[in-house]
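Asks: Structure below; questions to follow.
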Amino acid sequence: MTTVHHITHPLIQHKLTLMRQKDRSTSGFRRLLGEISMLMAYEVTREMPTQLIDIETPLEPMKSPVIDGKKTVFVSIMRAGDGFLDGMLSIVPGARVGHVGLYRDPETLKAVEYYFKMPQGMNERDAIVLDPMLATGNSAIAAVTRLKATNPKSIRFVCLLAAPEGLAKFVAAHPDVPVYTAAIDRGLNDHGYIVPGLGDAGDRIFGTK
Ligand code: URA
């Protein structure tokens, strides 16, 4: 059964409000997304395994926990997922990065794959899939289905905004994948955009409109 983590931390909610505003500059939008990514990285890595290593403080030896960051792979669903990467990598700098390229067929709104590249040894890695917008759910479902074929140890899905219909579809398709979202909005418009939403995340991150 999928767990949906609705992250209601005031700092994340405040920054998300600023991002939603239509007059927010590209640089401001990108900076806020970077900050939210760091805060969401903190939530999504909460269950990350640690192991004890021997260290010496200035006073005495001790065993102390560390994570193995290299075991994490952030999987960006291009291109908007790339906007999450800098923030996530600043918290887990040793993580590997995979990319999934999908475009939305404008007629059917279905996801069509054009790129897929993951690091070696996926069966030893915990995958964290990144896409700011869980809208129809089609891209997220297709990306996770494809990712499962590489047999990662675990998969989590992180977005900024989810539409209820996309979220329900994702949960039905991948009940074993926890979802982390900062907001669940009202719904989708006729073009498959989340409303009230924040517009086209890719265009707002990269200033392409
Ligand atoms: N992709 C976006 O960038 N925005 C939406 O609202 C939906 C999908």
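Convention: chains lettered A, B, ... in structure tokens order; per-chain residue numbering from 1; ligands numbered from 1 as shown.
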When DSSP works through the backbone of this structure, what residues of chain A end up as alpha helix (DSSP H), shown as number ranges by chain?
Replies: A: 10-20, 26-44, 82-91, 138-148, 164-173, 201-206
Asks: Give me, as an MDAnalysis selection string, all polymer residues having an atom no more than 12 Å from Lys110 in chain A, counting only C-alpha atoms and skipping those fewer than 2 positions away in the same chain.
Replies: chainID A and resid 102:108 112:113 135:143 192
Asks: Have a look at A:Leu52, A:Val100, A:Val195, A:Val158 and name the one nearest to Ile128 in chain A; count only C-alpha atoms.
Replies: A:Val158
Asks: What is the CA of Leu160 in chain A-CA of Asp68 in chain A distance in Å, reported with one decimal?
Replies: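 So the answer is 25.8 Å.
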Asks: So that I can see what lies close to Lys15 in chain A, please list as an mmCIF file with N, CA and C atoms, in the first residue's frame the residues with an atom at most 8 Å from it, counting only C-alpha atoms and leaving out residues fewer than 4 positions away in the same chain.
Replies:
data_model
loop_
_atom_site.group_PDB
_atom_site.id
_atom_site.type_symbol
_atom_site.label_atom_id
_atom_site.label_comp_id
_atom_site.auth_asym_id
_atom_site.auth_seq_id
_atom_site.Cartn_x
_atom_site.Cartn_y
_atom_site.Cartn_z
ATOM 1 N N LEU A 11 8.251 25.944 6.448
ATOM 2 C CA LEU A 11 9.272 26.509 5.553
ATOM 3 C C LEU A 11 9.015 26.087 4.109
ATOM 4 N N MET A 19 6.894 30.373 -4.907
ATOM 5 C CA MET A 19 7.125 29.789 -6.237
ATOM 6 C C MET A 19 5.882 29.833 -7.117
ATOM 7 N N LEU A 32 14.311 29.087 -5.062
ATOM 8 C CA LEU A 32 13.337 28.523 -4.119
ATOM 9 C C LEU A 32 13.217 27.011 -4.289
ATOM 10 N N ILE A 36 13.757 24.264 -1.418
ATOM 11 C CA ILE A 36 12.746 23.243 -1.080
ATOM 12 C C ILE A 36 13.320 21.846 -1.280
#
Asks: For ligand 1, return the neighbouring residues as JSON, numbers by chain (distance at most 9 Å; only C-alpha atoms and all ligand atoms).
Replies: {"A": [80, 131, 132, 133, 134, 135, 136, 161, 162, 163, 188, 189, 191, 192, 193, 194, 195, 196, 197, 198, 199, 200, 201, 202, 203, 204]}
Asks: Could you pull out the strand (DSSP E or B) residues of range 27-209 of chain A from DSSP and send them as a ChimeraX atom specification?
Replies: /A:50-56,61-67,72-78,96-104,111-117,126-130,133-134,154-162,179-184,187-188,194-195
Asks: Create the file for the chosen residues now, containing C-alpha atoms and written as a CSV table (one decimal), in the first residue's frame.
Replies:
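Done, and the output landed in selection.csv:
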chain,number,residue,atom,x,y,z
A,50,THR,CA,23.3,4.1,8.7
A,51,GLN,CA,26.3,2.0,9.8
A,52,LEU,CA,28.6,2.5,12.8
A,53,ILE,CA,32.2,3.4,12.0
A,54,ASP,CA,35.1,3.8,14.4
A,55,ILE,CA,36.2,7.4,14.8
A,56,GLU,CA,38.2,9.4,17.4
A,61,PRO,CA,37.4,6.8,20.4
A,62,MET,CA,33.7,6.1,19.6
A,63,LYS,CA,31.5,4.3,17.2
A,64,SER,CA,29.4,6.8,15.2
A,65,PRO,CA,26.7,6.4,12.5
A,66,VAL,CA,27.3,7.4,8.8
A,67,ILE,CA,25.2,6.9,5.7
A,72,THR,CA,21.4,6.5,-3.3
A,73,VAL,CA,20.5,7.3,-6.9
A,74,PHE,CA,18.4,10.4,-7.7
A,75,VAL,CA,16.4,9.7,-10.8
A,76,SER,CA,15.4,12.9,-12.6
A,77,ILE,CA,12.4,12.7,-14.9
A,78,MET,CA,13.7,15.2,-17.5
A,96,ARG,CA,24.5,8.9,-8.2
A,97,VAL,CA,22.2,10.4,-10.7
A,98,GLY,CA,20.0,8.7,-13.3
A,99,HIS,CA,17.9,10.3,-16.0
A,100,VAL,CA,14.6,9.3,-17.6
A,101,GLY,CA,13.5,11.3,-20.7
A,102,LEU,CA,9.8,11.2,-21.3
A,103,TYR,CA,7.6,13.6,-23.3
A,104,ARG,CA,3.9,14.0,-23.0
A,111,ALA,CA,4.3,9.4,-21.7
A,112,VAL,CA,6.7,8.4,-24.5
A,113,GLU,CA,10.3,7.5,-23.5
A,114,TYR,CA,13.2,9.0,-25.4
A,115,TYR,CA,16.1,8.6,-22.9
A,116,PHE,CA,17.0,6.2,-20.0
A,117,LYS,CA,20.4,6.1,-18.3
A,126,ASP,CA,17.9,3.1,-3.2
A,127,ALA,CA,16.2,5.1,-6.0
A,128,ILE,CA,14.6,8.5,-5.3
A,129,VAL,CA,12.6,9.6,-8.4
A,130,LEU,CA,12.2,13.4,-8.9
A,133,MET,CA,4.7,17.9,-11.0
A,134,LEU,CA,2.6,14.7,-10.5
A,154,SER,CA,13.9,0.6,-3.1
A,155,ILE,CA,12.0,3.4,-4.9
A,156,ARG,CA,10.6,6.6,-3.5
A,157,PHE,CA,8.9,9.3,-5.6
A,158,VAL,CA,9.2,13.0,-4.8
A,159,CYS,CA,7.2,15.9,-6.2
A,160,LEU,CA,6.3,19.4,-5.3
A,161,LEU,CA,2.7,19.4,-6.4
A,162,ALA,CA,0.3,16.5,-7.0
A,179,VAL,CA,5.2,9.4,-2.5
A,180,TYR,CA,6.5,12.6,-1.0
A,181,THR,CA,4.7,15.8,-2.0
A,182,ALA,CA,4.5,19.4,-0.6
A,183,ALA,CA,1.0,20.0,-1.8
A,184,ILE,CA,-2.1,18.2,-3.2
A,187,GLY,CA,-7.2,19.0,-9.9
A,188,LEU,CA,-6.2,19.1,-13.6
A,194,ILE,CA,-2.3,21.2,-12.2
A,195,VAL,CA,-4.6,23.9,-10.9
Asks: Given only C-alpha atoms as the basis, pick out the residue of A:Gly81, A:Met88, A:Val4, A:Leu16 nearest to Met38 in chain A.
Replies: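 So, comparing all the options, the nearest one is A:Met88.
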